[in-house]
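S.K.: Sharing a structure with you now.
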Amino acid sequence: MLPRVAFVTIGQSPRSDVMPDILAETRVRFEVTERGALDGLDDAAIAALAPRPGEERLVSRLRDGREVLLGKPAIDRRLHEILAELDEGGFDLLVLLCTGEFSRFTLRTPFIEPQHTVDHFVQGLAYGAQRIGILLPNAVQIEEFHGIPGVETKAASASPYLAGNEAALREAAASLADTDIIVMHCIGYSEAMRQVVKQASGRPVLVSRRLVAHAIDLVLS
């Protein structure tokens, strides 16, 4: 039997923009289940989850490809409910498809939490770097970014979900060309987008979904 892995997005599932890259990157084969924090909600219910004044924001994707802006507290609560349910489902691994920082999850099932996964990978891979470039989906998130312990960061923004975003990616990448390495700190950024940023910046570039894919291999192999 193949291992059973449940993937949870803060947007709507399935994440047809993310899963092909993850499956192409992983060597271990596994059975995929997808859940989304916005599954089953209509546009009005989703609009009610928009950031309120003073709330940190998250950016994700709806099933039809639209970008959506969400308030972190409401999504945090929904993620805890979904993951608690999946924790009882007999899965071999749970994977969150978001690099945002959330309140602590208490789960019995092995769990990959990308914020910690990506940041600790970066600390190891970029050891000795003086400054790390961070690419985020939304400009307001630059001020909200939690930072990476022990290293100076410089952030820029470009959404992975807007059509014709290559120019914005190139502009953001050029602004980070004075950093030692760039981290595309959102699951929404693809390998193709990484190539754009690498070419425009001339710097080594890490993309979050590839780091998460490698973590999946390490856990399941």
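Residues in the structure tokens are named by chain (A, B, ... in the order shown) and by number from 1 within that chain; ligands are numbered from 1 in the order shown.
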Within 7 Å of stretch 94-102 of chain A, counting only C-alpha atoms, which residues show up once you throw out same-chain ones fewer than 5 positions away? Write them as a list in words, please.

M.R.: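 My reading of the contact set: Val5, Ala6, Phe7, Val8, Thr9, Ile10, Asp76, Thr109, Pro110, Phe111, Ile112, Glu113, Pro114, Gln115, His185, Cys186 and Ile187 of chain A.
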
S.K.: Go ahead and write the residues just picked, N, CA and C atoms, as a PDB file, in the first residue's frame.

M.R.:
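File produced: out.pdb:
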```pdb
ATOM      1  N   VAL A   5      -1.062  10.655   2.305  1.00  0.00           N
ATOM      2  CA  VAL A   5      -0.640  12.003   2.713  1.00  0.00           C
ATOM      3  C   VAL A   5      -1.780  12.981   2.464  1.00  0.00           C
ATOM      4  N   ALA A   6      -2.127  13.759   3.472  1.00  0.00           N
ATOM      5  CA  ALA A   6      -3.165  14.790   3.349  1.00  0.00           C
ATOM      6  C   ALA A   6      -2.519  16.162   3.284  1.00  0.00           C
ATOM      7  N   PHE A   7      -2.877  16.932   2.255  1.00  0.00           N
ATOM      8  CA  PHE A   7      -2.362  18.284   2.053  1.00  0.00           C
ATOM      9  C   PHE A   7      -3.482  19.283   2.355  1.00  0.00           C
ATOM     10  N   VAL A   8      -3.157  20.312   3.127  1.00  0.00           N
ATOM     11  CA  VAL A   8      -4.158  21.300   3.527  1.00  0.00           C
ATOM     12  C   VAL A   8      -3.715  22.676   3.057  1.00  0.00           C
ATOM     13  N   THR A   9      -4.522  23.310   2.218  1.00  0.00           N
ATOM     14  CA  THR A   9      -4.250  24.666   1.747  1.00  0.00           C
ATOM     15  C   THR A   9      -5.114  25.660   2.521  1.00  0.00           C
ATOM     16  N   ILE A  10      -4.636  26.895   2.633  1.00  0.00           N
ATOM     17  CA  ILE A  10      -5.451  27.934   3.262  1.00  0.00           C
ATOM     18  C   ILE A  10      -6.481  28.489   2.284  1.00  0.00           C
ATOM     19  N   ASP A  76      -6.372  30.645  10.862  1.00  0.00           N
ATOM     20  CA  ASP A  76      -5.714  29.858  11.907  1.00  0.00           C
ATOM     21  C   ASP A  76      -6.730  28.927  12.573  1.00  0.00           C
ATOM     22  N   THR A 109      -0.257  12.647  14.231  1.00  0.00           N
ATOM     23  CA  THR A 109       0.238  12.256  12.910  1.00  0.00           C
ATOM     24  C   THR A 109       1.476  13.084  12.564  1.00  0.00           C
ATOM     25  N   PRO A 110       2.504  12.486  11.962  1.00  0.00           N
ATOM     26  CA  PRO A 110       3.631  13.291  11.482  1.00  0.00           C
ATOM     27  C   PRO A 110       3.135  14.458  10.637  1.00  0.00           C
ATOM     28  N   PHE A 111       3.747  15.623  10.827  1.00  0.00           N
ATOM     29  CA  PHE A 111       3.213  16.863  10.261  1.00  0.00           C
ATOM     30  C   PHE A 111       4.347  17.733   9.754  1.00  0.00           C
ATOM     31  N   ILE A 112       4.212  18.223   8.528  1.00  0.00           N
ATOM     32  CA  ILE A 112       5.175  19.177   7.971  1.00  0.00           C
ATOM     33  C   ILE A 112       4.542  20.554   7.982  1.00  0.00           C
ATOM     34  N   GLU A 113       5.148  21.458   8.735  1.00  0.00           N
ATOM     35  CA  GLU A 113       4.685  22.844   8.873  1.00  0.00           C
ATOM     36  C   GLU A 113       5.673  23.721   8.108  1.00  0.00           C
ATOM     37  N   PRO A 114       5.320  24.208   6.928  1.00  0.00           N
ATOM     38  CA  PRO A 114       6.291  24.830   6.034  1.00  0.00           C
ATOM     39  C   PRO A 114       7.039  26.044   6.577  1.00  0.00           C
ATOM     40  N   GLN A 115       6.421  26.833   7.446  1.00  0.00           N
ATOM     41  CA  GLN A 115       7.144  27.994   7.953  1.00  0.00           C
ATOM     42  C   GLN A 115       8.428  27.554   8.652  1.00  0.00           C
ATOM     43  N   HIS A 185       9.190  32.912  -0.447  1.00  0.00           N
ATOM     44  CA  HIS A 185       8.599  32.453   0.807  1.00  0.00           C
ATOM     45  C   HIS A 185       7.077  32.348   0.714  1.00  0.00           C
ATOM     46  N   CYS A 186       6.616  31.514  -0.233  1.00  0.00           N
ATOM     47  CA  CYS A 186       5.184  31.242  -0.386  1.00  0.00           C
ATOM     48  C   CYS A 186       5.053  29.973  -1.217  1.00  0.00           C
ATOM     49  N   ILE A 187       4.150  29.089  -0.824  1.00  0.00           N
ATOM     50  CA  ILE A 187       3.937  27.841  -1.559  1.00  0.00           C
ATOM     51  C   ILE A 187       3.441  28.122  -2.978  1.00  0.00           C
TER      52      ILE A 187
END
```

S.K.: DSSP on the backbone, then: every residue of stretch 14-121 of chain A marked strand (DSSP E or B), written as an mmCIF file with N, CA and C atoms, in the first residue's frame.

M.R.:
```cif
data_model
loop_
_atom_site.group_PDB
_atom_site.id
_atom_site.type_symbol
_atom_site.label_atom_id
_atom_site.label_comp_id
_atom_site.auth_asym_id
_atom_site.auth_seq_id
_atom_site.Cartn_x
_atom_site.Cartn_y
_atom_site.Cartn_z
ATOM 1 N N GLU A 31 -0.297 8.316 -1.820
ATOM 2 C CA GLU A 31 -1.686 8.636 -2.139
ATOM 3 C C GLU A 31 -2.017 10.024 -1.607
ATOM 4 N N VAL A 32 -2.619 10.859 -2.444
ATOM 5 C CA VAL A 32 -2.860 12.262 -2.094
ATOM 6 C C VAL A 32 -4.327 12.505 -1.732
ATOM 7 N N THR A 33 -4.532 13.192 -0.599
ATOM 8 C CA THR A 33 -5.832 13.761 -0.232
ATOM 9 C C THR A 33 -5.624 15.256 -0.048
ATOM 10 N N GLU A 34 -6.543 16.070 -0.568
ATOM 11 C CA GLU A 34 -6.420 17.518 -0.426
ATOM 12 C C GLU A 34 -7.641 18.100 0.277
ATOM 13 N N ARG A 35 -7.376 19.044 1.157
ATOM 14 C CA ARG A 35 -8.430 19.800 1.832
ATOM 15 C C ARG A 35 -8.069 21.278 1.815
ATOM 16 N N GLY A 36 -9.092 22.144 1.832
ATOM 17 C CA GLY A 36 -8.851 23.580 1.832
ATOM 18 C C GLY A 36 -9.649 24.294 2.897
ATOM 19 N N ARG A 57 -2.187 39.431 7.274
ATOM 20 C CA ARG A 57 -2.885 38.930 6.100
ATOM 21 C C ARG A 57 -2.172 37.719 5.499
ATOM 22 N N LEU A 58 -2.958 36.891 4.861
ATOM 23 C CA LEU A 58 -2.473 35.741 4.114
ATOM 24 C C LEU A 58 -2.995 35.846 2.690
ATOM 25 N N VAL A 59 -2.235 35.305 1.753
ATOM 26 C CA VAL A 59 -2.639 35.328 0.341
ATOM 27 C C VAL A 59 -2.721 33.893 -0.154
ATOM 28 N N SER A 60 -3.818 33.555 -0.818
ATOM 29 C CA SER A 60 -3.953 32.209 -1.365
ATOM 30 C C SER A 60 -4.723 32.251 -2.673
ATOM 31 N N ARG A 61 -5.158 31.070 -3.096
ATOM 32 C CA ARG A 61 -5.759 30.892 -4.418
ATOM 33 C C ARG A 61 -7.065 30.124 -4.293
ATOM 34 N N GLU A 67 -6.931 35.086 -6.968
ATOM 35 C CA GLU A 67 -6.215 35.377 -5.728
ATOM 36 C C GLU A 67 -7.211 35.796 -4.654
ATOM 37 N N VAL A 68 -6.917 35.451 -3.400
ATOM 38 C CA VAL A 68 -7.781 35.843 -2.294
ATOM 39 C C VAL A 68 -6.915 36.299 -1.125
ATOM 40 N N LEU A 69 -7.355 37.374 -0.464
ATOM 41 C CA LEU A 69 -6.665 37.939 0.686
ATOM 42 C C LEU A 69 -7.456 37.598 1.941
ATOM 43 N N LEU A 70 -6.777 37.034 2.939
ATOM 44 C CA LEU A 70 -7.453 36.483 4.106
ATOM 45 C C LEU A 70 -6.839 36.989 5.404
ATOM 46 N N GLY A 71 -7.679 37.133 6.434
ATOM 47 C CA GLY A 71 -7.191 37.486 7.758
ATOM 48 C C GLY A 71 -6.628 36.261 8.454
ATOM 49 N N LEU A 93 1.039 11.071 6.908
ATOM 50 C CA LEU A 93 1.670 12.382 6.975
ATOM 51 C C LEU A 93 0.641 13.454 6.658
ATOM 52 N N LEU A 94 0.702 14.563 7.377
ATOM 53 C CA LEU A 94 -0.100 15.744 7.086
ATOM 54 C C LEU A 94 0.849 16.856 6.646
ATOM 55 N N VAL A 95 0.456 17.608 5.613
ATOM 56 C CA VAL A 95 1.304 18.680 5.082
ATOM 57 C C VAL A 95 0.468 19.938 4.915
ATOM 58 N N LEU A 96 0.894 21.021 5.540
ATOM 59 C CA LEU A 96 0.259 22.318 5.356
ATOM 60 C C LEU A 96 0.872 22.996 4.140
ATOM 61 N N LEU A 97 0.035 23.503 3.243
ATOM 62 C CA LEU A 97 0.529 24.176 2.040
ATOM 63 C C LEU A 97 0.509 25.683 2.232
ATOM 64 N N PHE A 111 3.747 15.623 10.827
ATOM 65 C CA PHE A 111 3.213 16.863 10.261
ATOM 66 C C PHE A 111 4.347 17.733 9.754
ATOM 67 N N ILE A 112 4.212 18.223 8.528
ATOM 68 C CA ILE A 112 5.175 19.177 7.971
ATOM 69 C C ILE A 112 4.542 20.554 7.982
#
```

S.K.: Using only C-alpha atoms, which residues sit within 12 Å of A:His120 once same-chain residues fewer than 6 positions away are excluded, as a list in words?

M.R.: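 The neighbour list is Glu113, Pro114, Ala126, Tyr127, Gly147, Ile148, Pro149, Gly150, Val151, Val183, Ser208, Leu211, Val212 and Ala215 of chain A.
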
S.K.: Quick one: DSSP helix (DSSP H, G or I) residues in stretch 5-218 of chain A, as an NGL selection string?

M.R.: :A and (19-25 or 43-47 or 72-86 or 114-125 or 141-144 or 166-175 or 191-201 or 208-218)

S.K.: Compile the contact shell of A:Tyr189 as a PyMOL selection string: residues with an atom at most 9 Å away, counting only C-alpha atoms, same-chain residues fewer than 3 positions apart removed.

M.R.: chain A and resi 18+137+159-161+184-186+192-194+207-209

S.K.: Produce a file of the selected residues containing C-alpha atoms, as a short mmCIF file (atom, residue, chain, number, x, y, z; two decimals), in the first residue's frame.

M.R.:
```cif
data_model
loop_
_atom_site.label_atom_id
_atom_site.label_comp_id
_atom_site.auth_asym_id
_atom_site.auth_seq_id
_atom_site.Cartn_x
_atom_site.Cartn_y
_atom_site.Cartn_z
CA VAL A 18 1.08 23.34 -6.58
CA PRO A 137 3.03 37.74 -2.29
CA SER A 159 2.01 37.90 -6.26
CA PRO A 160 2.27 34.36 -7.67
CA TYR A 161 -1.46 34.36 -8.45
CA MET A 184 10.52 32.70 -2.44
CA HIS A 185 8.60 32.45 0.81
CA CYS A 186 5.18 31.24 -0.39
CA ALA A 192 9.06 28.41 -13.45
CA MET A 193 8.79 31.56 -11.32
CA ARG A 194 12.02 30.61 -9.54
CA VAL A 207 11.43 28.13 -3.72
CA SER A 208 9.33 26.93 -0.77
CA ARG A 209 7.41 24.10 -2.46
#
```

S.K.: Can you measure atom CA of A:Ala172 to atom CA of A:Glu191 for me? One decimal in Å is fine.

M.R.: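 Interatomic distance here is 16.4 Å.
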
S.K.: A:Ala200: which residues within 8 Å, counting only C-alpha atoms, same-chain residues fewer than 5 positions away excluded, as a PyMOL selection string?

M.R.: chain A and resi 170-171+173-174

S.K.: Could you take the residues named above and write them with C-alpha atoms, as a PDB file, in the first residue's frame?

M.R.:
```pdb
ATOM      1  CA  ARG A 170      11.534  40.554 -12.360  1.00  0.00           C
ATOM      2  CA  GLU A 171      11.227  43.940 -10.659  1.00  0.00           C
ATOM      3  CA  ALA A 173      14.043  40.091  -8.038  1.00  0.00           C
ATOM      4  CA  ALA A 174      16.159  42.999  -9.264  1.00  0.00           C
TER       5      ALA A 174
END
```

S.K.: Give me, please, the distance in Å between atom CA of A:Leu176 and atom CA of A:Met19, quoted to one decimal.

M.R.: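 Separation between atom CA of A:Leu176 and atom CA of A:Met19: 27.6 Å.
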
S.K.: Quick one, how far is atom CA of A:Asn165 from atom CA of A:Leu206?

M.R.: 18.4 Å

S.K.: Restricting the calculation to only C-alpha atoms, which member of A:Thr106, A:Ser190, A:Thr153, A:Asn138 is positioned closest to A:Glu85?

M.R.: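 With only C-alpha atoms as the atom set, the closest residue is A:Thr106.
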
S.K.: Taking into account only C-alpha atoms, which residue in the set A:Leu107, A:Ala155, A:Ile182, A:Val118 is nearest to A:His214?

M.R.: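 Going through A:Leu107, A:Ala155, A:Ile182, A:Val118 one by one, the smallest distance to A:His214 is for A:Val118.
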
S.K.: Excluding A:Arg203 and residues on its chain fewer than 6 positions from it, collect all residues at most 8 Å away from it, counting only C-alpha atoms, and give them as a ChimeraX atom specification.

M.R.: /A:177,179-182

S.K.: Nearest residue to A:His80 out of A:Ala37, A:Leu218, A:Ala24, A:Ala139, using only C-alpha atoms?

M.R.: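 So, comparing all the options, the nearest one is A:Ala37.
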